[in-house]
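Okay, run.cif is below, mmCIF, C-alpha atoms:
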data_structure
loop_
_atom_site.label_atom_id
_atom_site.label_comp_id
_atom_site.auth_asym_id
_atom_site.auth_seq_id
_atom_site.Cartn_x
_atom_site.Cartn_y
_atom_site.Cartn_z
CA MET A 849 6.17 4.35 -8.99
CA ALA A 850 5.01 0.98 -7.75
CA HIS A 851 4.41 1.48 -4.05
CA GLU A 852 5.15 -1.30 -1.60
CA ILE A 853 2.43 -3.92 -1.56
CA TYR A 854 2.12 -6.26 1.39
CA PHE A 855 1.40 -9.97 1.29
CA ASP A 856 -1.33 -9.35 3.90
CA ASP A 857 -3.20 -7.03 1.52
CA ILE A 858 -3.32 -9.45 -1.41
CA GLN A 859 -6.21 -11.88 -1.78
CA VAL A 860 -6.70 -14.61 -4.35
CA GLY A 861 -9.00 -13.23 -7.05
CA MET A 862 -7.70 -9.66 -6.68
CA GLU A 863 -7.12 -7.95 -10.02
CA MET A 864 -3.96 -6.27 -11.20
CA PRO A 865 -4.59 -2.68 -12.38
CA SER A 866 -5.11 -2.90 -16.14
CA LEU A 867 -2.94 -1.07 -18.68
CA VAL A 868 -3.85 0.00 -22.22
CA LYS A 869 -1.09 0.29 -24.89
CA GLY A 870 -1.21 1.37 -28.50
CA PRO A 871 -2.69 1.59 -31.04
CA MET A 872 0.39 -0.16 -32.39
CA GLN A 873 2.43 1.72 -34.98
CA LYS A 874 5.32 0.45 -37.06
CA LEU A 875 7.49 3.26 -35.70
CA GLN A 876 7.36 1.61 -32.28
CA HIS A 877 8.46 -1.70 -33.84
CA VAL A 878 11.46 0.09 -35.35
CA ILE A 879 12.37 1.71 -32.01
CA TYR A 880 11.98 -1.65 -30.24
CA ALA A 881 14.11 -3.41 -32.88
CA GLY A 882 16.94 -0.98 -32.14
CA ALA A 883 16.57 -1.29 -28.38
CA SER A 884 16.30 -5.08 -28.27
CA GLY A 885 18.55 -6.01 -31.20
CA ASP A 886 15.79 -8.08 -32.87
CA PHE A 887 15.98 -6.88 -36.48
CA ASN A 888 13.78 -9.60 -38.00
CA PRO A 889 12.17 -7.73 -40.97
CA LEU A 890 8.87 -9.41 -40.12
CA HIS A 891 8.45 -6.60 -37.58
CA THR A 892 9.63 -3.62 -39.61
CA ASP A 893 9.14 -4.35 -43.32
CA ASP A 894 5.53 -4.55 -44.58
CA ASP A 895 6.52 -6.01 -47.95
CA PHE A 896 8.59 -8.77 -46.32
CA ALA A 897 5.79 -9.56 -43.86
CA LYS A 898 3.21 -9.77 -46.65
CA ALA A 899 5.51 -12.05 -48.65
CA VAL A 900 5.52 -14.52 -45.74
CA GLY A 901 1.76 -14.43 -45.33
CA MET A 902 1.05 -11.57 -42.91
CA THR A 903 -1.69 -9.88 -44.93
CA THR A 904 -1.74 -6.73 -42.79
CA GLY A 905 2.02 -6.18 -42.96
CA ALA A 906 4.66 -6.03 -40.25
CA ILE A 907 3.62 -7.61 -36.95
CA THR A 908 4.64 -6.54 -33.44
CA HIS A 909 7.57 -8.29 -31.71
CA GLY A 910 6.14 -10.75 -29.21
CA MET A 911 8.81 -9.59 -26.77
CA LEU A 912 7.49 -6.01 -27.04
CA VAL A 913 4.05 -7.23 -25.97
CA MET A 914 5.73 -9.16 -23.13
CA GLY A 915 7.43 -5.84 -22.31
CA PHE A 916 3.99 -4.21 -22.07
CA VAL A 917 2.93 -6.93 -19.63
CA GLY A 918 6.16 -6.33 -17.68
CA GLN A 919 5.27 -2.62 -17.54
CA ALA A 920 1.85 -3.47 -16.09
CA VAL A 921 3.39 -5.88 -13.55
CA THR A 922 6.19 -3.57 -12.33
CA GLY A 923 3.80 -0.62 -12.31
CA TRP A 924 1.88 -2.53 -9.64
CA ILE A 925 4.41 -4.75 -7.82
CA PRO A 926 7.91 -3.27 -7.31
CA LYS A 927 10.44 -4.80 -9.75
CA LYS A 928 12.61 -6.00 -6.88
CA ARG A 929 9.78 -8.27 -5.65
CA LEU A 930 9.46 -10.12 -8.98
CA ARG A 931 10.78 -13.71 -8.84
CA ARG A 932 9.45 -15.29 -12.04
CA PHE A 933 7.67 -14.04 -15.14
CA GLY A 934 6.69 -16.30 -18.02
CA VAL A 935 4.40 -15.98 -21.03
CA ARG A 936 3.11 -17.89 -24.01
CA PHE A 937 2.77 -16.00 -27.29
CA ALA A 938 -0.77 -16.93 -28.29
CA GLY A 939 -1.47 -14.64 -31.22
CA MET A 940 0.06 -12.05 -33.50
CA THR A 941 -0.26 -8.36 -32.72
CA ARG A 942 -0.88 -6.19 -35.77
CA GLN A 943 -0.49 -2.49 -36.54
CA GLY A 944 -3.54 -0.62 -35.28
CA ASN A 945 -4.24 -3.08 -32.45
CA THR A 946 -4.88 -1.59 -29.03
CA ILE A 947 -3.57 -3.92 -26.36
CA THR A 948 -5.07 -4.19 -22.89
CA ILE A 949 -3.12 -5.97 -20.17
CA THR A 950 -5.00 -7.51 -17.28
CA GLY A 951 -4.14 -9.85 -14.44
CA LYS A 952 -5.60 -11.73 -11.51
CA VAL A 953 -4.04 -13.22 -8.38
CA THR A 954 -4.46 -17.01 -8.42
CA ASP A 955 -2.45 -18.12 -5.39
CA LYS A 956 -0.68 -16.92 -2.26
CA ARG A 957 1.54 -19.08 -0.09
CA SER A 958 4.52 -19.05 2.25
CA VAL A 959 7.45 -21.11 0.99
CA GLY A 960 11.07 -21.23 2.17
CA GLY A 961 10.64 -18.14 4.34
CA GLU A 962 9.18 -16.10 1.48
CA ASN A 963 5.60 -14.98 1.03
CA VAL A 964 4.83 -15.56 -2.61
CA ILE A 965 1.89 -14.61 -4.78
CA THR A 966 1.14 -15.97 -8.24
CA CYS A 967 -0.76 -13.80 -10.67
CA GLU A 968 -2.06 -14.75 -14.12
CA VAL A 969 -1.58 -12.08 -16.78
CA MET A 970 -2.99 -11.57 -20.23
CA ALA A 971 -2.67 -9.14 -23.14
CA ALA A 972 -5.58 -8.94 -25.59
CA ASP A 973 -6.60 -6.64 -28.43
CA GLU A 974 -9.76 -4.55 -28.89
CA THR A 975 -11.71 -7.61 -30.11
CA GLY A 976 -10.64 -9.72 -27.12
CA ASP A 977 -8.16 -11.78 -29.17
CA VAL A 978 -5.47 -12.95 -26.74
CA LYS A 979 -1.90 -12.11 -27.78
CA VAL A 980 0.04 -13.10 -24.69
CA SER A 981 -0.96 -15.13 -21.63
CA GLY A 982 1.20 -16.09 -18.71
CA SER A 983 1.89 -15.60 -15.03
CA PHE A 984 4.35 -14.18 -12.56
CA ASP A 985 5.46 -14.92 -9.01
CA ALA A 986 6.41 -12.16 -6.60
CA ALA A 987 7.75 -12.41 -3.05
CA LEU A 988 6.10 -9.73 -0.92
CA PRO A 989 6.94 -8.34 2.52
CA LYS A 990 4.60 -8.92 5.46
CA LYS A 991 3.37 -6.12 7.68
CA GLY A 992 4.86 -5.62 11.12
CA MET B 865 13.61 -28.84 -39.62
CA ALA B 866 15.33 -28.63 -36.27
CA ASP B 867 18.26 -30.98 -35.83
CA HIS B 868 17.02 -33.28 -33.04
CA SER B 869 20.54 -34.66 -32.46
CA LYS B 870 21.56 -31.35 -30.85
CA VAL B 871 19.53 -31.70 -27.65
CA GLY B 872 21.92 -31.09 -24.76
CA ARG B 873 24.29 -28.93 -26.79
CA GLU B 874 25.70 -25.93 -24.90
CA TYR B 875 26.86 -22.91 -26.87
CA ALA B 876 29.75 -20.54 -26.26
CA PRO B 877 29.00 -18.18 -23.38
CA VAL B 878 27.81 -14.67 -24.17
CA THR B 879 29.33 -11.96 -22.01
CA TRP B 880 27.49 -8.66 -21.90
CA GLU B 881 28.21 -5.37 -20.17
CA VAL B 882 25.00 -3.78 -18.90
CA GLU B 883 24.74 -0.10 -19.78
CA ARG B 884 22.48 2.52 -18.19
CA GLY B 885 21.64 3.95 -21.62
CA LYS B 886 20.46 0.57 -22.92
CA ILE B 887 18.22 0.05 -19.89
CA ARG B 888 16.67 3.48 -20.48
CA GLU B 889 16.38 2.81 -24.23
CA LEU B 890 14.53 -0.47 -23.66
CA ALA B 891 12.12 1.16 -21.19
CA LYS B 892 11.48 3.98 -23.66
CA ALA B 893 10.96 1.54 -26.55
CA ILE B 894 8.32 -0.27 -24.48
CA GLY B 895 6.85 3.11 -23.50
CA ASP B 896 7.27 2.35 -19.80
CA PRO B 897 7.28 5.65 -17.86
CA ASN B 898 8.37 4.03 -14.57
CA PRO B 899 11.20 6.35 -13.40
CA ILE B 900 13.19 3.54 -11.75
CA PHE B 901 14.34 2.41 -15.23
CA GLN B 902 15.37 5.88 -16.38
CA ASP B 903 16.42 7.92 -13.36
CA ARG B 904 19.12 6.72 -10.96
CA GLU B 905 17.94 8.98 -8.12
CA ALA B 906 14.35 7.75 -8.45
CA ALA B 907 15.58 4.14 -8.42
CA ILE B 908 17.70 4.72 -5.30
CA LYS B 909 14.71 6.33 -3.57
CA GLU B 910 12.75 3.12 -4.18
CA GLY B 911 15.44 0.89 -2.72
CA TYR B 912 17.57 -0.01 -5.76
CA LYS B 913 21.32 0.55 -6.08
CA ASP B 914 20.86 2.04 -9.57
CA THR B 915 18.40 1.81 -12.47
CA PRO B 916 17.51 -1.92 -12.54
CA ALA B 917 17.11 -3.87 -15.79
CA PRO B 918 13.41 -4.16 -16.78
CA PRO B 919 11.82 -7.65 -16.62
CA THR B 920 12.44 -8.44 -20.31
CA TYR B 921 15.97 -6.99 -20.49
CA LEU B 922 17.66 -10.37 -21.07
CA THR B 923 16.40 -10.42 -24.64
CA VAL B 924 18.95 -7.64 -25.32
CA PRO B 925 22.18 -9.64 -24.82
CA MET B 926 20.66 -12.64 -26.64
CA MET B 927 19.72 -10.59 -29.72
CA TRP B 928 22.49 -7.96 -29.82
CA SER B 929 25.20 -10.58 -29.35
CA SER B 930 23.60 -12.53 -32.23
CA SER B 931 23.64 -15.55 -29.93
CA MET B 932 20.00 -16.51 -30.57
CA PRO B 933 20.29 -16.19 -34.38
CA PHE B 934 23.51 -18.28 -34.19
CA VAL B 935 21.77 -21.01 -32.21
CA ILE B 936 18.81 -21.03 -34.64
CA THR B 937 21.19 -21.40 -37.58
CA ASP B 938 23.20 -24.15 -35.88
CA LEU B 939 20.01 -26.09 -35.16
CA ALA B 940 19.14 -25.93 -38.88
CA ILE B 941 15.85 -24.17 -38.07
CA ASN B 942 14.23 -22.33 -40.99
CA PHE B 943 14.18 -18.62 -40.00
CA MET B 944 11.13 -18.01 -42.18
CA MET B 945 9.13 -20.63 -40.29
CA VAL B 946 10.16 -19.94 -36.71
CA LEU B 947 7.84 -18.37 -34.14
CA HIS B 948 8.52 -17.41 -30.56
CA GLY B 949 6.29 -19.73 -28.54
CA GLU B 950 7.11 -18.93 -24.93
CA GLU B 951 9.53 -16.89 -22.83
CA GLU B 952 10.16 -17.22 -19.11
CA TYR B 953 12.54 -15.60 -16.64
CA GLU B 954 13.48 -16.43 -13.08
CA TYR B 955 15.04 -13.52 -11.19
CA TYR B 956 17.57 -14.12 -8.40
CA GLN B 957 18.85 -10.57 -7.99
CA GLU B 958 18.74 -7.23 -9.78
CA ILE B 959 20.87 -6.50 -12.86
CA TYR B 960 22.39 -3.00 -12.73
CA PRO B 961 24.40 -0.73 -15.02
CA GLY B 962 28.06 -1.76 -14.93
CA ASP B 963 27.28 -5.43 -14.31
CA VAL B 964 28.95 -7.87 -16.66
CA ILE B 965 26.62 -10.83 -17.17
CA THR B 966 27.44 -14.15 -18.79
CA SER B 967 25.29 -17.00 -20.02
CA ALA B 968 25.86 -20.12 -22.11
CA PRO B 969 22.62 -20.99 -23.94
CA LYS B 970 21.77 -24.69 -23.87
CA VAL B 971 19.31 -26.70 -25.95
CA THR B 972 17.32 -28.61 -23.34
CA ALA B 973 14.59 -30.16 -25.49
CA ILE B 974 13.39 -30.59 -29.07
CA GLU B 975 9.96 -32.20 -29.42
CA GLU B 976 7.79 -32.71 -32.44
CA LYS B 977 4.12 -31.82 -32.00
CA THR B 978 1.13 -31.70 -34.28
CA SER B 979 -1.07 -28.60 -34.28
CA LYS B 980 -4.90 -28.69 -34.19
CA SER B 981 -4.87 -28.17 -37.95
CA GLY B 982 -2.63 -31.22 -38.38
CA ARG B 983 0.56 -29.34 -39.08
CA LYS B 984 3.81 -30.77 -37.66
CA MET B 985 5.99 -28.46 -35.58
CA ASP B 986 9.30 -28.74 -33.75
CA MET B 987 9.25 -27.25 -30.25
CA VAL B 988 12.79 -26.19 -29.30
CA THR B 989 13.62 -25.17 -25.71
CA ILE B 990 16.71 -23.06 -25.04
CA GLU B 991 17.78 -22.21 -21.50
CA GLY B 992 20.47 -19.95 -20.13
CA LEU B 993 21.61 -19.26 -16.57
CA TYR B 994 23.06 -15.76 -16.15
CA THR B 995 25.84 -14.99 -13.69
CA ASN B 996 27.40 -11.62 -12.93
CA GLN B 997 31.02 -10.45 -12.58
CA ARG B 998 31.09 -11.79 -9.00
CA GLY B 999 30.02 -15.24 -10.15
CA GLU B 1000 26.59 -14.82 -8.54
CA LYS B 1001 23.47 -16.20 -10.21
CA VAL B 1002 21.30 -13.30 -11.37
CA ALA B 1003 18.62 -14.87 -13.58
CA LYS B 1004 17.56 -17.79 -15.72
CA ALA B 1005 15.94 -17.45 -19.14
CA ARG B 1006 13.95 -20.09 -20.99
CA SER B 1007 12.81 -19.62 -24.61
CA LEU B 1008 10.53 -21.93 -26.56
CA LEU B 1009 10.87 -21.63 -30.32
CA VAL B 1010 8.29 -23.18 -32.63
CA GLU B 1011 9.35 -24.19 -36.12
CA ARG B 1012 6.44 -24.85 -38.47
CA LYS B 1013 7.27 -27.61 -40.91
#
For this file, write the structure as structure tokens.
Amino acid sequence: MAHEIYFDDIQVGMEMPSLVKGPMQKLQHVIYAGASGDFNPLHTDDDFAKAVGMTTGAITHGMLVMGFVGQAVTGWIPKKRLRRFGVRFAGMTRQGNTITITGKVTDKRSVGGENVITCEVMAADETGDVKVSGSFDAALPKKG
Amino acid sequence: MADHSKVGREYAPVTWEVERGKIRELAKAIGDPNPIFQDREAAIKEGYKDTPAPPTYLTVPMMWSSSMPFVITDLAINFMMVLHGEEEYEYYQEIYPGDVITSAPKVTAIEEKTSKSGRKMDMVTIEGLYTNQRGEKVAKARSLLVERK
């Protein structure tokens, strides 16, 4: 799905194609809990979540939102080119939130025989509240 | 609060067999339609040996093996007060169905910080290097847990 992208074709400032996910539903939290093995009731049980101060009920697994960012990244850059991917969980994602993932290339360089790009990534809700921010490195082929 | 004396502690290695169905299940749970994670032929066509593990796959062995909950308990961290602060992966090669991957999580740092609102927090860093059945390095994972006090 992600077609080959060449180092030569990437410029600093270039934007990653954005991806929209959601609106978030508790059913997806339940499915993700089963897939990932993270059964913390904070993500699947509204009563539990409210009891620990989440007024809107169960919140989305941070790792699911990181998964959305991973989907955006590997929908653009082939998975096999990815060298590093790191995020900070900046805010809680709630049921009903629509999450938009964006990214921008911040650096390109040749190191140790590899041609590496760094791209900042971000996931934010419909009000612009940032849920996840981070970056990835990918080693891309050169033309010719 | 997190037991600061446990910095440097390495836990028993987790060994995990990577299954095609679990890779597909994780991609479907995320809602990622990329066929390389779900269809072996599509993955091969794009230069993979099989359906590769998605970028966040390494959360699966950590959670399903109960390794991360065990570490949190051993560090005397209050489950009710813990938040996932950061997660980072370095990828050295693809992880494929049939691979058997092993990692021993290690506590590399515990630091106390004060939030903007004046609340004290323990920042706990846990790292794990993953190797495969051939002893080759496949990835490194770093998790930052935040315990509100």
- Task: For chain A, report every residue with an atom at most 7 Å from chain B (counting all atoms listed in the file), formatted as a list in words.
- Result: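 So the contacting residues turn out to be Met849, Gln876, Ile879, Tyr880, Ala883, Ser884, Gly885, Asp886, Leu912, Gly915, Phe916, Gly918, Gln919, Gly923, Lys928, Leu930, Arg931, Arg932, Phe933, Gly934, Val935, Arg936 and Phe937 of chain A.
Computed from the coordinates, the CA of Asn888 (chain A) to CA of Gln943 (chain A) distance equals 16.0 Å.
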- Can you turn the PyMOL selection byres ((chain A and resi 866) around 9) into a concrete residue list for this file, as a ChimeraX atom specification? /A:863-865,867-868,920,948-951
- May I ask for the distance between CA of Thr903 (chain A) and CA of Ile941 (chain B), given in Å to one decimal place? 23.6 Å
- May I have the residues within 9 Å of Glu968 (chain A) as a ChimeraX atom specification, using all atoms listed in the file and disregarding those fewer than 2 positions away in the same chain? /A:950-954,966,970,981-984
File dump, residues just selected, C-alpha atoms, as an mmCIF file, in the coordinates of the input:
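Output (again_36.cif):
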data_model
loop_
_atom_site.group_PDB
_atom_site.id
_atom_site.type_symbol
_atom_site.label_atom_id
_atom_site.label_comp_id
_atom_site.auth_asym_id
_atom_site.auth_seq_id
_atom_site.Cartn_x
_atom_site.Cartn_y
_atom_site.Cartn_z
ATOM 1 C CA THR A 950 -5.000 -7.510 -17.280
ATOM 2 C CA GLY A 951 -4.140 -9.850 -14.440
ATOM 3 C CA LYS A 952 -5.600 -11.730 -11.510
ATOM 4 C CA VAL A 953 -4.040 -13.220 -8.380
ATOM 5 C CA THR A 954 -4.460 -17.010 -8.420
ATOM 6 C CA THR A 966 1.140 -15.970 -8.240
ATOM 7 C CA MET A 970 -2.990 -11.570 -20.230
ATOM 8 C CA SER A 981 -0.960 -15.130 -21.630
ATOM 9 C CA GLY A 982 1.200 -16.090 -18.710
ATOM 10 C CA SER A 983 1.890 -15.600 -15.030
ATOM 11 C CA PHE A 984 4.350 -14.180 -12.560
#
- Query: Separation of CA of Ile925 (chain A) and CA of Asp856 (chain A), in Å?
  - Reply: 13.8 Å
- Find the residue from B:Tyr875, B:Tyr960, B:Phe934, B:Trp880 that sits nearest to Thr915 (chain B); use only C-alpha atoms when measuring.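 Among the listed residues, B:Tyr960 lies closest to Thr915 (chain B).
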- Message: Could you list, as a PyMOL selection string, every residue within 8 Å of region 963-970 of chain B, counting only C-alpha atoms and ignoring same-chain residues fewer than 3 positions away?
- Response: chain B and resi 872-882+959-960+990-997
- Item | Nearest to His909 (chain A) by atom-to-atom distance, counting only C-alpha atoms, from A:Ile853, A:Ala881, A:Ala986, A:Cys967 | A:Ala881
- Message: the PyMOL selection byres ((chain B and resi 985-989) around 7) - which residues does that actually catch in the file I just gave you? List them as a VMD selection string.
- Response: chain B and resid 866 971 to 978 983 to 984 990 to 991 1006 to 1013
Evaluating the PyMOL selection byres ((chain A and resi 858) around 10) on the displayed file yields which residues, as an mmCIF file with C-alpha atoms, keeping the file's coordinate frame?
data_model
loop_
_atom_site.group_PDB
_atom_site.id
_atom_site.type_symbol
_atom_site.label_atom_id
_atom_site.label_comp_id
_atom_site.auth_asym_id
_atom_site.auth_seq_id
_atom_site.Cartn_x
_atom_site.Cartn_y
_atom_site.Cartn_z
ATOM 1 C CA ILE A 853 2.430 -3.920 -1.560
ATOM 2 C CA TYR A 854 2.120 -6.260 1.390
ATOM 3 C CA PHE A 855 1.400 -9.970 1.290
ATOM 4 C CA ASP A 856 -1.330 -9.350 3.900
ATOM 5 C CA ASP A 857 -3.200 -7.030 1.520
ATOM 6 C CA GLN A 859 -6.210 -11.880 -1.780
ATOM 7 C CA VAL A 860 -6.700 -14.610 -4.350
ATOM 8 C CA GLY A 861 -9.000 -13.230 -7.050
ATOM 9 C CA MET A 862 -7.700 -9.660 -6.680
ATOM 10 C CA GLU A 863 -7.120 -7.950 -10.020
ATOM 11 C CA VAL A 953 -4.040 -13.220 -8.380
ATOM 12 C CA ASP A 955 -2.450 -18.120 -5.390
ATOM 13 C CA LYS A 956 -0.680 -16.920 -2.260
ATOM 14 C CA ILE A 965 1.890 -14.610 -4.780
ATOM 15 C CA LEU A 988 6.100 -9.730 -0.920
#
Using the file's own x, y and z axes, so that the box edges lie along x, y and z, what centre and edge lengths in Å (one decimal) does a box around every listed atom of region 867-880 of chain A get when 5 Å is added on each side? Give it as AutoDock Vina command-line options.
--center_x 4.3 --center_y 0.8 --center_z -27.9 --size_x 26.2 --size_y 15.0 --size_z 28.4
Reconstruct N, CA and C atoms of region 916-943 of chain B; output as a short mmCIF file (atom, residue, chain, number, x, y, z; two decimals), in the frame of the given file.
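So the final result, stored in out-v9.cif, reads:
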data_model
loop_
_atom_site.label_atom_id
_atom_site.label_comp_id
_atom_site.auth_asym_id
_atom_site.auth_seq_id
_atom_site.Cartn_x
_atom_site.Cartn_y
_atom_site.Cartn_z
N PRO B 916 17.47 -0.47 -12.28
CA PRO B 916 17.51 -1.92 -12.54
C PRO B 916 17.10 -2.24 -13.98
N ALA B 917 17.55 -3.40 -14.47
CA ALA B 917 17.11 -3.87 -15.79
C ALA B 917 15.62 -4.21 -15.73
N PRO B 918 14.83 -3.79 -16.74
CA PRO B 918 13.41 -4.16 -16.78
C PRO B 918 13.24 -5.68 -16.91
N PRO B 919 12.03 -6.19 -16.65
CA PRO B 919 11.82 -7.65 -16.62
C PRO B 919 12.23 -8.39 -17.89
N THR B 920 12.12 -7.74 -19.06
CA THR B 920 12.44 -8.44 -20.31
C THR B 920 13.82 -8.05 -20.86
N TYR B 921 14.66 -7.47 -20.02
CA TYR B 921 15.97 -6.99 -20.49
C TYR B 921 16.83 -8.09 -21.11
N LEU B 922 16.72 -9.33 -20.63
CA LEU B 922 17.66 -10.37 -21.07
C LEU B 922 17.52 -10.75 -22.54
N THR B 923 16.48 -10.24 -23.20
CA THR B 923 16.40 -10.42 -24.64
C THR B 923 17.50 -9.61 -25.34
N VAL B 924 17.96 -8.54 -24.70
CA VAL B 924 18.95 -7.64 -25.32
C VAL B 924 20.30 -8.33 -25.56
N PRO B 925 20.92 -8.95 -24.54
CA PRO B 925 22.18 -9.64 -24.82
C PRO B 925 22.00 -10.79 -25.81
N MET B 926 20.87 -11.51 -25.72
CA MET B 926 20.66 -12.64 -26.64
C MET B 926 20.58 -12.18 -28.10
N MET B 927 19.90 -11.04 -28.35
CA MET B 927 19.72 -10.59 -29.72
C MET B 927 20.91 -9.77 -30.22
N TRP B 928 21.39 -8.82 -29.37
CA TRP B 928 22.49 -7.96 -29.82
C TRP B 928 23.80 -8.72 -29.97
N SER B 929 23.98 -9.79 -29.21
CA SER B 929 25.20 -10.58 -29.35
C SER B 929 25.09 -11.54 -30.52
N SER B 930 23.89 -11.59 -31.14
CA SER B 930 23.60 -12.53 -32.23
C SER B 930 23.64 -13.98 -31.76
N SER B 931 23.58 -14.18 -30.44
CA SER B 931 23.64 -15.55 -29.93
C SER B 931 22.42 -16.36 -30.37
N MET B 932 21.21 -15.77 -30.21
CA MET B 932 20.00 -16.51 -30.57
C MET B 932 19.96 -16.82 -32.07
N PRO B 933 20.25 -15.84 -32.96
CA PRO B 933 20.29 -16.19 -34.38
C PRO B 933 21.33 -17.28 -34.68
N PHE B 934 22.47 -17.26 -33.98
CA PHE B 934 23.51 -18.28 -34.19
C PHE B 934 22.98 -19.67 -33.83
N VAL B 935 22.32 -19.73 -32.67
CA VAL B 935 21.77 -21.01 -32.21
C VAL B 935 20.73 -21.53 -33.21
N ILE B 936 19.86 -20.64 -33.69
CA ILE B 936 18.81 -21.03 -34.64
C ILE B 936 19.44 -21.59 -35.91
N THR B 937 20.50 -20.93 -36.37
CA THR B 937 21.19 -21.40 -37.58
C THR B 937 21.84 -22.76 -37.34
N ASP B 938 22.51 -22.89 -36.19
CA ASP B 938 23.20 -24.15 -35.88
C ASP B 938 22.22 -25.32 -35.77
N LEU B 939 21.01 -25.02 -35.31
CA LEU B 939 20.01 -26.09 -35.16
C LEU B 939 19.31 -26.40 -36.48
N ALA B 940 19.72 -25.72 -37.55
CA ALA B 940 19.14 -25.93 -38.88
C ALA B 940 17.64 -25.62 -38.89
N ILE B 941 17.25 -24.61 -38.09
CA ILE B 941 15.85 -24.17 -38.07
C ILE B 941 15.65 -23.14 -39.18
N ASN B 942 14.55 -23.26 -39.90
CA ASN B 942 14.23 -22.33 -40.99
C ASN B 942 13.72 -21.02 -40.39
N PHE B 943 14.52 -19.95 -40.55
CA PHE B 943 14.18 -18.62 -40.00
C PHE B 943 12.78 -18.16 -40.41
#
